[in-house]
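Structure, as structure tokens:
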Amino acid sequence: MPFTTGPVTNTRDFGTAASNIVVSTRNLDPASAVTVIVEIFASVDSSIFYTAYSLSYVVPANAYDVREFFIAGNVTYEVQLNSMAQTTTSVNPNVIMSVTGLNEFGNLVESQFFNHVNLIPISQLSPPMV
């Protein structure tokens, strides 16, 4: 099932801005790998969004994966995530994901922490934006 953070305000006027976003994935399945898709949309002026990142990668069974993405200079961003089992025997992957904003010093931006419970389910990932 795909998830989103929803639009995230990323300015110093409203707290601490993130310069990086960390996407953490934990595959709890003891036998099957999962494919994770990450799409990050961003805007420098909150009116026109573009696809900052669009990638997929495999997380092995019973493993962690942590990826960091540069987002500084964008006043708004959104992260969309999806995970899919690589085998037909595991239709619903047992995956936990989180998104964390980090400031320029590598410290957590508390208003930009989205654990699995805080991510919003969506019906499908958005198409890439130019």
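Lettering and numbering for the structure tokens are positional, with chains as A, B, ... in the shown order, residues counted from 1 in each chain, and ligands counted from 1 in the shown order.
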
Exercise for the section: Just the residues within 12 Å of Arg26 (chain A), please, counting only C-alpha atoms, with nothing from its chain fewer than 4 positions along; format it as a VMD selection string. Expected result: chain A and resid 30 33 to 36 58 to 67 83 93 to 98 115 to 116

Tell me, as a short mmCIF file (atom, residue, chain, number, x, y, z; two decimals) with C-alpha atoms, in the first residue's frame, which residues lie within 12 Å of Gln112 (chain A), counting only C-alpha atoms; anything in the same chain fewer than 5 positions away does not count.
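Full text of out.cif as output:
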data_model
loop_
_atom_site.label_atom_id
_atom_site.label_comp_id
_atom_site.auth_asym_id
_atom_site.auth_seq_id
_atom_site.Cartn_x
_atom_site.Cartn_y
_atom_site.Cartn_z
CA THR A 5 3.75 12.48 4.27
CA GLY A 6 1.42 15.02 2.69
CA PRO A 7 2.85 18.44 1.86
CA VAL A 8 5.48 19.46 4.43
CA THR A 9 6.31 23.13 5.06
CA ASN A 10 10.09 23.45 5.16
CA THR A 11 10.94 27.00 6.19
CA PHE A 14 7.76 27.90 10.76
CA GLY A 15 10.48 26.18 12.79
CA THR A 16 13.69 24.58 11.62
CA ALA A 17 14.12 23.79 7.94
CA ALA A 18 15.36 20.40 6.80
CA SER A 19 18.33 20.21 4.48
CA ASN A 20 18.03 16.42 4.12
CA ILE A 21 15.30 13.82 4.31
CA VAL A 22 16.01 10.32 5.58
CA VAL A 23 13.81 7.43 4.47
CA THR A 76 7.67 22.55 0.59
CA TYR A 77 8.13 18.86 -0.10
CA GLU A 78 6.17 15.62 -0.09
CA VAL A 79 7.47 12.06 0.19
CA SER A 98 9.58 6.34 8.31
CA VAL A 99 10.58 9.75 6.96
CA THR A 100 12.76 12.12 8.98
CA GLY A 101 13.83 15.68 8.23
CA LEU A 102 17.37 16.63 9.30
CA ASN A 103 18.73 20.17 9.59
CA ASN A 107 19.80 17.05 13.91
CA ASN A 118 1.82 9.05 10.81
CA LEU A 119 2.13 8.28 7.10
#

Exercise for the section: For CA of Ile40 (chain A) and CA of Ser54 (chain A), quote the distance in Å rounded to one decimal. Expected result: 6.5 Å

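CA of Leu125 (chain A) sits 11.2 Å away from CA of Phe41 (chain A).
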
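Take CA of Met84 (chain A) and CA of Phe114 (chain A): the distance between them is 20.1 Å.
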
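Across A:Ser43, A:Phe70, A:Asn27, A:Ile37, the tightest approach to Gly106 (chain A) is made by A:Phe70 when counting only C-alpha atoms.
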